[in-house]
>>> print(open('entry-v1.pdb').read())   # PDB, C-alpha atoms and all ligand atoms
MODEL        1
ATOM      1  CA  MET A   3       1.686 104.816  -7.495
ATOM      2  CA  ASN A   4       0.033 107.882  -5.985
ATOM      3  CA  ASP A   5      -3.072 109.578  -7.376
ATOM      4  CA  GLU A   6      -0.992 112.031  -9.346
ATOM      5  CA  THR A   7       0.745 109.339 -11.311
ATOM      6  CA  ARG A   8      -2.258 107.053 -11.690
ATOM      7  CA  PRO A   9      -3.708 107.272 -15.186
ATOM      8  CA  THR A  10      -7.446 107.825 -14.955
ATOM      9  CA  ALA A  11     -10.125 108.589 -17.453
ATOM     10  CA  GLU A  12     -11.095 111.682 -15.451
ATOM     11  CA  ARG A  13      -7.691 113.313 -15.259
ATOM     12  CA  PRO A  14      -7.611 116.307 -17.579
ATOM     13  CA  VAL A  15      -5.491 115.769 -20.637
ATOM     14  CA  ALA A  16      -2.825 118.364 -21.240
ATOM     15  CA  LYS A  17      -1.988 119.427 -24.761
ATOM     16  CA  PRO A  18       0.832 117.386 -26.206
ATOM     17  CA  GLY A  19       4.006 119.395 -26.042
ATOM     18  CA  PRO A  20       7.629 118.568 -26.657
ATOM     19  CA  ILE A  21       8.718 115.917 -24.216
ATOM     20  CA  LYS A  22      11.596 116.564 -21.894
ATOM     21  CA  PRO A  23      13.595 113.333 -21.913
ATOM     22  CA  LEU A  24      13.840 111.634 -18.551
ATOM     23  CA  GLY A  25      17.254 111.218 -16.934
ATOM     24  CA  LYS A  26      18.607 107.714 -16.287
ATOM     25  CA  VAL A  27      16.446 106.344 -19.093
ATOM     26  CA  VAL A  28      18.265 104.673 -21.977
ATOM     27  CA  ALA A  29      16.368 103.760 -25.140
ATOM     28  CA  VAL A  30      17.761 100.681 -26.883
ATOM     29  CA  THR A  31      16.720 101.106 -30.484
ATOM     30  CA  SER A  32      17.728 100.258 -34.055
ATOM     31  CA  GLY A  33      17.038 101.092 -37.663
ATOM     32  CA  LYS A  34      16.539  97.527 -38.850
ATOM     33  CA  GLY A  35      14.599  94.898 -36.916
ATOM     34  CA  GLY A  36      16.038  91.692 -35.507
ATOM     35  CA  VAL A  37      19.518  93.080 -34.837
ATOM     36  CA  GLY A  38      19.570  92.179 -31.141
ATOM     37  CA  LYS A  39      17.865  94.974 -29.167
ATOM     38  CA  THR A  40      15.974  92.618 -26.879
ATOM     39  CA  PHE A  41      19.020  90.395 -26.422
ATOM     40  CA  VAL A  42      21.138  93.444 -25.526
ATOM     41  CA  SER A  43      18.481  95.007 -23.247
ATOM     42  CA  ALA A  44      17.879  91.841 -21.235
ATOM     43  CA  ASN A  45      21.498  90.759 -20.900
ATOM     44  CA  LEU A  46      22.776  94.267 -20.289
ATOM     45  CA  ALA A  47      20.197  94.575 -17.504
ATOM     46  CA  ALA A  48      21.447  91.313 -15.971
ATOM     47  CA  ALA A  49      25.082  92.415 -16.281
ATOM     48  CA  LEU A  50      24.299  95.756 -14.630
ATOM     49  CA  ALA A  51      22.340  93.986 -11.886
ATOM     50  CA  LYS A  52      25.391  91.770 -11.272
ATOM     51  CA  ARG A  53      27.319  94.978 -10.683
ATOM     52  CA  GLY A  54      24.833  95.959  -8.010
ATOM     53  CA  GLN A  55      22.721  98.365 -10.041
ATOM     54  CA  LYS A  56      18.952  98.556  -9.694
ATOM     55  CA  VAL A  57      17.686  98.084 -13.218
ATOM     56  CA  LEU A  58      14.278  98.091 -14.860
ATOM     57  CA  VAL A  59      13.662  96.983 -18.432
ATOM     58  CA  LEU A  60      10.461  98.199 -20.014
ATOM     59  CA  ASP A  61       8.907  96.645 -23.074
ATOM     60  CA  ALA A  62       8.593  99.877 -25.019
ATOM     61  CA  ASP A  63       7.667  97.960 -28.157
ATOM     62  CA  LEU A  64       4.207  97.773 -26.570
ATOM     63  CA  GLY A  65       4.000  94.042 -26.269
ATOM     64  CA  LEU A  66       6.110  93.100 -29.247
ATOM     65  CA  ALA A  67       9.543  93.088 -27.635
ATOM     66  CA  ASN A  68       9.259  89.379 -26.760
ATOM     67  CA  LEU A  69      10.994  90.041 -23.465
ATOM     68  CA  ASP A  70       8.498  87.644 -21.901
ATOM     69  CA  VAL A  71       9.648  84.871 -24.228
ATOM     70  CA  VAL A  72      13.349  85.614 -23.799
ATOM     71  CA  LEU A  73      13.041  85.754 -20.018
ATOM     72  CA  ASN A  74      10.461  82.983 -19.728
ATOM     73  CA  LEU A  75       8.143  85.256 -17.766
ATOM     74  CA  TYR A  76       4.395  85.223 -18.090
ATOM     75  CA  PRO A  77       3.008  87.672 -15.554
ATOM     76  CA  LYS A  78      -0.754  87.906 -15.036
ATOM     77  CA  ILE A  79      -0.585  91.669 -14.658
ATOM     78  CA  THR A  80       0.996  93.888 -17.301
ATOM     79  CA  LEU A  81       1.279  97.545 -18.194
ATOM     80  CA  HIS A  82      -1.985  97.139 -20.075
ATOM     81  CA  ASP A  83      -3.795  96.509 -16.761
ATOM     82  CA  VAL A  84      -2.171  99.594 -15.266
ATOM     83  CA  PHE A  85      -3.328 101.682 -18.225
ATOM     84  CA  THR A  86      -6.868 100.400 -17.942
ATOM     85  CA  GLY A  87      -6.901 101.034 -14.188
ATOM     86  CA  LYS A  88      -7.201  97.329 -13.285
ATOM     87  CA  ALA A  89      -3.923  97.143 -11.408
ATOM     88  CA  LYS A  90      -1.335  99.260  -9.677
ATOM     89  CA  LEU A  91       2.001  99.919 -11.301
ATOM     90  CA  GLU A  92       3.886  97.988  -8.599
ATOM     91  CA  GLU A  93       1.821  94.903  -9.362
ATOM     92  CA  ALA A  94       2.918  94.882 -12.984
ATOM     93  CA  ILE A  95       6.637  94.921 -12.200
ATOM     94  CA  VAL A  96       8.136  91.458 -12.163
ATOM     95  CA  ARG A  97      11.524  90.157 -11.136
ATOM     96  CA  ALA A  98      13.571  88.660 -13.943
ATOM     97  CA  PRO A  99      15.981  85.745 -13.392
ATOM     98  CA  GLY A 100      18.961  88.091 -13.789
ATOM     99  CA  GLY A 101      18.068  90.096 -10.679
ATOM    100  CA  PHE A 102      16.476  93.042 -12.418
ATOM    101  CA  SER A 103      12.908  94.282 -12.783
ATOM    102  CA  VAL A 104      10.777  94.049 -15.891
ATOM    103  CA  LEU A 105       7.651  95.848 -16.936
ATOM    104  CA  LEU A 106       5.934  93.986 -19.735
ATOM    105  CA  ALA A 107       3.449  95.763 -21.909
ATOM    106  CA  GLY A 108       1.002  92.910 -22.464
ATOM    107  CA  SER A 109      -0.643  92.157 -25.769
ATOM    108  CA  GLY A 110      -3.420  94.692 -25.150
ATOM    109  CA  MET A 111      -0.916  97.509 -25.377
ATOM    110  CA  VAL A 112      -0.744  97.240 -29.133
ATOM    111  CA  GLU A 113      -4.039  99.082 -29.264
ATOM    112  CA  TYR A 114      -2.285 102.048 -27.640
ATOM    113  CA  SER A 115       0.084 102.337 -30.537
ATOM    114  CA  ARG A 116      -2.156 105.114 -31.853
ATOM    115  CA  LEU A 117      -0.462 107.323 -29.302
ATOM    116  CA  THR A 118      -3.215 109.733 -28.455
ATOM    117  CA  PRO A 119      -2.268 112.624 -26.154
ATOM    118  CA  THR A 120      -3.774 110.656 -23.241
ATOM    119  CA  VAL A 121      -1.583 107.647 -23.938
ATOM    120  CA  ARG A 122       1.490 109.830 -24.213
ATOM    121  CA  GLN A 123       0.715 111.567 -20.959
ATOM    122  CA  ASP A 124      -0.031 108.332 -19.127
ATOM    123  CA  PHE A 125       3.227 106.853 -20.342
ATOM    124  CA  LEU A 126       5.139 109.878 -19.151
ATOM    125  CA  HIS A 127       3.449 109.709 -15.734
ATOM    126  CA  ILE A 128       4.249 106.041 -15.398
ATOM    127  CA  MET A 129       7.857 106.552 -16.389
ATOM    128  CA  SER A 130       8.460 109.457 -14.047
ATOM    129  CA  GLY A 131       6.827 107.488 -11.211
ATOM    130  CA  LEU A 132       9.249 104.623 -11.841
ATOM    131  CA  LEU A 133      12.453 106.581 -12.103
ATOM    132  CA  PRO A 134      13.174 107.275  -8.431
ATOM    133  CA  HIS A 135      13.241 103.539  -7.725
ATOM    134  CA  TYR A 136      15.988 102.585 -10.189
ATOM    135  CA  ASP A 137      19.577 103.426 -11.029
ATOM    136  CA  ILE A 138      18.781 102.965 -14.704
ATOM    137  CA  VAL A 139      15.749 102.184 -16.870
ATOM    138  CA  LEU A 140      16.263 100.490 -20.234
ATOM    139  CA  LEU A 141      13.573 100.856 -22.884
ATOM    140  CA  ASP A 142      13.508  97.954 -25.305
ATOM    141  CA  THR A 143      11.963  99.740 -28.268
ATOM    142  CA  GLY A 144      10.876  98.577 -31.692
ATOM    143  CA  ALA A 145      12.969  99.152 -34.810
ATOM    144  CA  GLY A 146      12.672 102.012 -37.265
ATOM    145  CA  ILE A 147      11.045 105.404 -37.113
ATOM    146  CA  SER A 148       7.366 104.740 -36.481
ATOM    147  CA  ASP A 149       5.480 107.071 -34.120
ATOM    148  CA  VAL A 150       5.585 104.540 -31.297
ATOM    149  CA  VAL A 151       9.332 103.997 -31.579
ATOM    150  CA  LEU A 152      10.087 107.700 -31.798
ATOM    151  CA  PHE A 153       7.825 108.402 -28.842
ATOM    152  CA  ALA A 154       9.527 105.718 -26.740
ATOM    153  CA  VAL A 155      12.947 107.090 -27.666
ATOM    154  CA  SER A 156      11.796 110.633 -26.891
ATOM    155  CA  LEU A 157      11.276 109.604 -23.255
ATOM    156  CA  ALA A 158      14.929 108.688 -22.836
ATOM    157  CA  SER A 159      17.848 110.928 -22.018
ATOM    158  CA  GLU A 160      20.239 108.588 -23.846
ATOM    159  CA  VAL A 161      19.904 106.586 -27.021
ATOM    160  CA  LEU A 162      21.760 103.339 -27.651
ATOM    161  CA  VAL A 163      21.491 102.339 -31.297
ATOM    162  CA  VAL A 164      22.124  98.657 -31.954
ATOM    163  CA  ALA A 165      23.334  97.816 -35.456
ATOM    164  CA  THR A 166      25.005  94.844 -37.082
ATOM    165  CA  PRO A 167      27.818  95.115 -39.654
ATOM    166  CA  GLU A 168      25.354  94.245 -42.463
ATOM    167  CA  PRO A 169      25.017  97.094 -44.976
ATOM    168  CA  THR A 170      21.205  97.108 -44.625
ATOM    169  CA  SER A 171      21.449  97.460 -40.848
ATOM    170  CA  LEU A 172      23.915 100.328 -41.233
ATOM    171  CA  THR A 173      21.857 102.283 -43.766
ATOM    172  CA  ASP A 174      18.807 101.855 -41.533
ATOM    173  CA  ALA A 175      20.817 102.937 -38.485
ATOM    174  CA  TYR A 176      21.899 106.024 -40.409
ATOM    175  CA  ALA A 177      18.267 106.809 -41.334
ATOM    176  CA  THR A 178      17.179 106.447 -37.713
ATOM    177  CA  ILE A 179      19.999 108.644 -36.425
ATOM    178  CA  LYS A 180      19.131 111.303 -39.004
ATOM    179  CA  VAL A 181      15.525 111.395 -37.768
ATOM    180  CA  LEU A 182      16.617 111.511 -34.117
ATOM    181  CA  VAL A 183      18.876 114.454 -34.909
ATOM    182  CA  GLY A 184      16.178 116.286 -36.853
ATOM    183  CA  GLU A 185      13.121 115.541 -34.744
ATOM    184  CA  GLN A 186      14.516 115.132 -31.249
ATOM    185  CA  GLN A 187      17.526 117.437 -31.423
ATOM    186  CA  ARG A 188      19.767 114.552 -30.400
ATOM    187  CA  ARG A 189      23.428 115.449 -30.620
ATOM    188  CA  THR A 190      24.943 112.382 -28.998
ATOM    189  CA  ILE A 191      24.057 108.870 -30.059
ATOM    190  CA  ARG A 192      25.647 105.820 -28.484
ATOM    191  CA  MET A 193      26.360 102.821 -30.698
ATOM    192  CA  VAL A 194      26.610  99.109 -30.037
ATOM    193  CA  ILE A 195      27.652  96.949 -32.954
ATOM    194  CA  ASN A 196      26.261  93.466 -32.504
ATOM    195  CA  GLN A 197      27.181  90.233 -34.264
ATOM    196  CA  THR A 198      30.624  91.388 -35.279
ATOM    197  CA  ALA A 199      33.063  88.982 -36.955
ATOM    198  CA  ARG A 200      36.363  90.524 -35.869
ATOM    199  CA  MET A 201      37.761  92.658 -33.079
ATOM    200  CA  GLY A 202      37.663  96.317 -33.978
ATOM    201  CA  ASP A 203      34.864  95.972 -36.547
ATOM    202  CA  GLY A 204      32.430  98.039 -34.503
ATOM    203  CA  ARG A 205      34.796 100.929 -33.953
ATOM    204  CA  ALA A 206      35.615 101.065 -37.685
ATOM    205  CA  ILE A 207      31.920 100.960 -38.584
ATOM    206  CA  THR A 208      31.100 103.708 -36.095
ATOM    207  CA  THR A 209      33.879 105.865 -37.548
ATOM    208  CA  GLN A 210      32.516 105.328 -41.066
ATOM    209  CA  LEU A 211      28.995 106.244 -39.956
ATOM    210  CA  GLN A 212      30.362 109.316 -38.217
ATOM    211  CA  GLN A 213      32.020 110.421 -41.470
ATOM    212  CA  VAL A 214      28.742 110.057 -43.371
ATOM    213  CA  LEU A 215      26.914 112.018 -40.674
ATOM    214  CA  ASP A 216      29.559 114.765 -40.759
ATOM    215  CA  ARG A 217      29.043 115.123 -44.502
ATOM    216  CA  PHE A 218      25.295 114.870 -44.793
ATOM    217  CA  VAL A 219      23.658 115.566 -41.439
ATOM    218  CA  VAL A 220      24.125 119.078 -40.169
ATOM    219  CA  ALA A 221      22.430 119.635 -36.829
ATOM    220  CA  LYS A 222      22.744 123.416 -36.640
ATOM    221  CA  PRO A 223      25.568 125.643 -37.824
ATOM    222  CA  GLY A 224      28.555 124.906 -35.629
ATOM    223  CA  GLU A 225      26.913 121.874 -34.009
ATOM    224  CA  LYS A 226      28.105 118.326 -34.529
ATOM    225  CA  VAL A 227      26.335 115.066 -34.094
ATOM    226  CA  ARG A 228      28.594 112.746 -32.159
ATOM    227  CA  LEU A 229      28.482 108.975 -32.262
ATOM    228  CA  ILE A 230      29.987 107.281 -29.232
ATOM    229  CA  HIS A 231      31.103 103.714 -29.746
ATOM    230  CA  MET A 232      30.082 101.887 -26.559
ATOM    231  CA  GLY A 233      31.148  98.412 -27.589
ATOM    232  CA  ASP A 234      30.968  95.418 -29.872
ATOM    233  CA  ILE A 235      29.280  92.094 -29.274
ATOM    234  CA  PRO A 236      30.646  89.257 -31.405
ATOM    235  CA  ALA A 237      28.425  86.843 -33.317
ATOM    236  CA  ASP A 238      28.292  83.846 -31.007
ATOM    237  CA  THR A 239      26.351  80.596 -31.387
ATOM    238  CA  ALA A 240      25.762  80.601 -27.617
ATOM    239  CA  VAL A 241      23.323  83.533 -28.077
ATOM    240  CA  ARG A 242      20.874  81.528 -30.134
ATOM    241  CA  GLN A 243      21.227  78.549 -27.824
ATOM    242  CA  ALA A 244      20.387  80.741 -24.810
ATOM    243  CA  VAL A 245      17.357  82.196 -26.629
ATOM    244  CA  MET A 246      16.186  78.691 -27.532
ATOM    245  CA  ARG A 247      16.481  77.650 -23.885
ATOM    246  CA  ARG A 248      14.844  80.910 -22.809
ATOM    247  CA  GLN A 249      17.760  81.756 -20.611
ATOM    248  CA  LEU A 250      19.853  84.840 -20.236
ATOM    249  CA  LEU A 251      23.249  84.405 -21.841
ATOM    250  CA  ILE A 252      24.860  86.218 -18.921
ATOM    251  CA  LEU A 253      23.543  83.522 -16.592
ATOM    252  CA  SER A 254      23.745  80.402 -18.739
ATOM    253  CA  THR A 255      27.120  80.950 -20.424
ATOM    254  CA  PRO A 256      28.823  83.855 -18.615
ATOM    255  CA  GLY A 257      32.233  83.022 -20.059
ATOM    256  CA  CYS A 258      31.288  82.955 -23.765
ATOM    257  CA  PRO A 259      32.579  85.799 -25.984
ATOM    258  CA  ALA A 260      29.176  87.526 -26.374
ATOM    259  CA  ALA A 261      28.474  87.411 -22.622
ATOM    260  CA  LEU A 262      31.919  88.839 -21.853
ATOM    261  CA  ALA A 263      31.269  91.630 -24.356
ATOM    262  CA  VAL A 264      27.907  92.453 -22.757
ATOM    263  CA  SER A 265      29.581  92.562 -19.327
ATOM    264  CA  GLN A 266      32.162  94.969 -20.701
ATOM    265  CA  LEU A 267      29.379  97.097 -22.177
ATOM    266  CA  ALA A 268      27.682  97.131 -18.761
ATOM    267  CA  GLY A 269      30.905  98.430 -17.220
ATOM    268  CA  LYS A 270      31.058 101.244 -19.750
ATOM    269  CA  ILE A 271      27.380 102.129 -19.263
ATOM    270  CA  GLU A 272      27.921 102.173 -15.513
ATOM    271  CA  ASP A 273      30.959 104.431 -15.786
ATOM    272  CA  THR A 274      29.536 106.845 -18.335
ATOM    273  CA  LEU A 275      25.809 106.937 -17.635
ATOM    274  CA  ILE A 276      25.103 105.799 -14.080
ATOM    275  CA  ASN A 277      28.046 106.975 -12.030
ATOM    276  CA  LYS A 278      28.057 110.292 -13.830
ATOM    277  CA  PRO A 279      24.882 112.313 -13.462
ATOM    278  CA  LEU A 280      22.951 112.313 -16.766
TER     279      LEU A 280
HETATM  280  N1  LIG A 301      25.680  88.434 -30.860
HETATM  281  C1  LIG A 301      24.850  87.541 -31.428
HETATM  282  N2  LIG A 301      25.314  86.379 -31.930
HETATM  283  C2  LIG A 301      24.512  85.480 -32.514
HETATM  284  N3  LIG A 301      23.182  85.651 -32.656
HETATM  285  C3  LIG A 301      22.635  86.784 -32.189
HETATM  286  C4  LIG A 301      23.427  87.800 -31.543
HETATM  287  N4  LIG A 301      22.593  88.805 -31.182
HETATM  288  C5  LIG A 301      21.355  88.452 -31.563
HETATM  289  N5  LIG A 301      21.363  87.236 -32.168
HETATM  290  C6  LIG A 301      20.222  86.500 -32.740
HETATM  291  O1  LIG A 301      19.309  87.434 -33.273
HETATM  292  C7  LIG A 301      18.013  87.139 -32.798
HETATM  293  C8  LIG A 301      17.193  88.400 -32.738
HETATM  294  O2  LIG A 301      17.601  89.163 -31.641
HETATM  295  P1  LIG A 301      16.576  90.117 -30.876
HETATM  296  O3  LIG A 301      15.252  89.484 -30.725
HETATM  297  O4  LIG A 301      17.253  90.593 -29.655
HETATM  298  O5  LIG A 301      16.476  91.297 -31.958
HETATM  299  P2  LIG A 301      15.580  92.614 -31.870
HETATM  300  O6  LIG A 301      16.401  93.715 -32.438
HETATM  301  O7  LIG A 301      15.068  92.799 -30.502
HETATM  302  O8  LIG A 301      14.380  92.241 -32.866
HETATM  303  P3  LIG A 301      13.026  93.092 -33.085
HETATM  304  O9  LIG A 301      13.381  94.230 -33.989
HETATM  305  O10 LIG A 301      12.115  92.099 -33.727
HETATM  306  O11 LIG A 301      12.554  93.539 -31.745
HETATM  307  C9  LIG A 301      18.221  86.444 -31.464
HETATM  308  O12 LIG A 301      17.142  85.607 -31.122
HETATM  309  C10 LIG A 301      19.492  85.662 -31.682
HETATM  310  O13 LIG A 301      19.192  84.394 -32.212
HETATM  311 MG    MG A 302      13.067  93.050 -29.787
ENDMDL
END
>>> encode(input="entry-v1.pdb", output="structure tokens")
Amino acid sequence: MNDETRPTAERPVAKPGPIKPLGKVVAVTSGKGGVGKTFVSANLAAALAKRGQKVLVLDADLGLANLDVVLNLYPKITLHDVFTGKAKLEEAIVRAPGGFSVLLAGSGMVEYSRLTPTVRQDFLHIMSGLLPHYDIVLLDTGAGISDVVLFAVSLASEVLVVATPEPTSLTDAYATIKVLVGEQQRRTIRMVINQTARMGDGRAITTQLQQVLDRFVVAKPGEKVRLIHMGDIPADTAVRQAVMRRQLLILSTPGCPAALAVSQLAGKIEDTLINKPL
């Protein structure tokens, strides 16, 4: 990291303004918690890495994403040390088993969840310093519409909402999308339906959500909010087994239905978001 991107106590703090989302950054978010954001982020990263992409996953849940647990990584240096000036950004980036890079927040980052203008600016500096080194950056965010989640999503040029077919997950996904439309002027939201029971469930659910949005969420006169169905991931017992073993599904059981679905999702992300300029 050069001096410009290094967060220091002395650097003057600019007034917080609207954030211009960064290209090549995809926020993986959800309305309801526990729907599979971290599972999708980590395995999608591995599937994209398999395809030759340079991928970074950032714990944008400020230490609560549990990426460390899922990936069995316990680095000594985390984003927290970069923020406090104890380490360089490069030192905090670790290599995950799936051949991608990970930036873990570290437990100390929770204290930054107050999101002062300094924290926001430092985050933005760190993110823009990282971007040139990767084909895609995935932000594993928290669930819901708290300040921290919305800030993390605001950094990204693309939003991938993970939802399950459960009614509670869908109403929460709807609430999140509504806020992203209103507060971040999002007009395109990408959907992944996780833990589906049957083929085609996710597309039907996305269509239903789209109909509700068309009726009740008006962006601006003449403007439509568009949901893009990126894929479904079936409910699969192999997922829990991989989590229990702290392994990536893509590596431990590449042929299981959920792993195949994640690989397909990676192909679609590659075609639509990486190979096409954002
Ligand atoms: N396709 C699937 N099939 C079966 N189980 C799944 C699937 N996806 C996720 N799970 C289960 O759901 C659990 C929670 O997933 P995960 O931790 O990725 O959710 P999350 O959205 O990141 O949660 P949080 O909101 O707490 O960050 C996993 O540990 C796994 O056991
Ligand atoms: Mg998570």
>>> residues_around(input="entry-v1.pdb", residues="segment 166-174 of chain A", least_positions_apart="3", cutoff="7 Å", atoms="only C-alpha atoms", output="PDB file with C-alpha atoms, in the coordinates of the input")
ATOM      1  CA  GLY A  33      17.038 101.092 -37.663  1.00  0.00           C
ATOM      2  CA  LYS A  34      16.539  97.527 -38.850  1.00  0.00           C
ATOM      3  CA  VAL A  37      19.518  93.080 -34.837  1.00  0.00           C
ATOM      4  CA  ALA A 177      18.267 106.809 -41.334  1.00  0.00           C
ATOM      5  CA  THR A 178      17.179 106.447 -37.713  1.00  0.00           C
ATOM      6  CA  ILE A 195      27.652  96.949 -32.954  1.00  0.00           C
ATOM      7  CA  ASN A 196      26.261  93.466 -32.504  1.00  0.00           C
ATOM      8  CA  GLN A 197      27.181  90.233 -34.264  1.00  0.00           C
ATOM      9  CA  THR A 198      30.624  91.388 -35.279  1.00  0.00           C
TER      10      THR A 198
END
>>> closest_atom_pairs(input="entry-v1.pdb", of="chain A", to="ligand LIG 301 (chain A)", cutoff="6 Å", atoms="all atoms listed in the file", output="Markdown table")
| residue | atom | partner | partner_atom | distance |
| --- | --- | --- | --- | --- |
| A:Gly35 | CA | A:LIG301 | O9 | 3.2 |
| A:Gly36 | CA | A:LIG301 | O8 | 3.2 |
| A:Val37 | CA | A:LIG301 | O6 | 4.0 |
| A:Gly38 | CA | A:LIG301 | O4 | 3.2 |
| A:Lys39 | CA | A:LIG301 | O7 | 3.8 |
| A:Thr40 | CA | A:LIG301 | O4 | 3.7 |
| A:Phe41 | CA | A:LIG301 | O4 | 3.7 |
| A:Ala67 | CA | A:LIG301 | O11 | 5.1 |
| A:Gly144 | CA | A:LIG301 | O11 | 5.3 |
| A:Ala145 | CA | A:LIG301 | O9 | 5.0 |
| A:Asn196 | CA | A:LIG301 | N1 | 5.3 |
| A:Gln197 | CA | A:LIG301 | N1 | 4.1 |
| A:Ile235 | CA | A:LIG301 | N1 | 5.4 |
| A:Pro236 | CA | A:LIG301 | N1 | 5.1 |
| A:Ala237 | CA | A:LIG301 | N2 | 3.4 |
| A:Asp238 | CA | A:LIG301 | N2 | 4.0 |
| A:Thr239 | CA | A:LIG301 | C2 | 5.3 |
| A:Val241 | CA | A:LIG301 | C2 | 5.0 |
| A:Arg242 | CA | A:LIG301 | O13 | 3.9 |
| A:Val245 | CA | A:LIG301 | O12 | 5.6 |
| A:Ala260 | CA | A:LIG301 | N1 | 5.8 |
>>> closest_residue(input="entry-v1.pdb", among="A:Gly101, A:Gly87, A:Gly146, A:Gly257", to="ligand MG 302 (chain A)", atoms="all atoms listed in the file")
A:Gly146
>>> closest_residue(input="entry-v1.pdb", among="A:Ile191, A:Met111, A:Leu182, A:Val104", to="Val139 of chain A", atoms="all atoms listed in the file")
A:Val104
>>> residues_around(input="entry-v1.pdb", residues="Leu157 of chain A", least_positions_apart="6", cutoff="8 Å", atoms="only C-alpha atoms", output="number ranges by chain")
A: 21-24, 27, 29, 126
>>> resolve_selection(input="entry-v1.pdb", expression="the PyMOL selection byres (((chain A and resi 133) around 12) and not hetatm)", output="list in words")
Met3, Pro23, Leu24, Gly25, Lys26, Val27, Val28, Lys56, Val57, Leu58, Val59, Leu60, Leu126, His127, Ile128, Met129, Ser130, Gly131, Leu132, Pro134, His135, Tyr136, Asp137, Ile138, Val139, Leu140, Leu157 and Ala158 of chain A
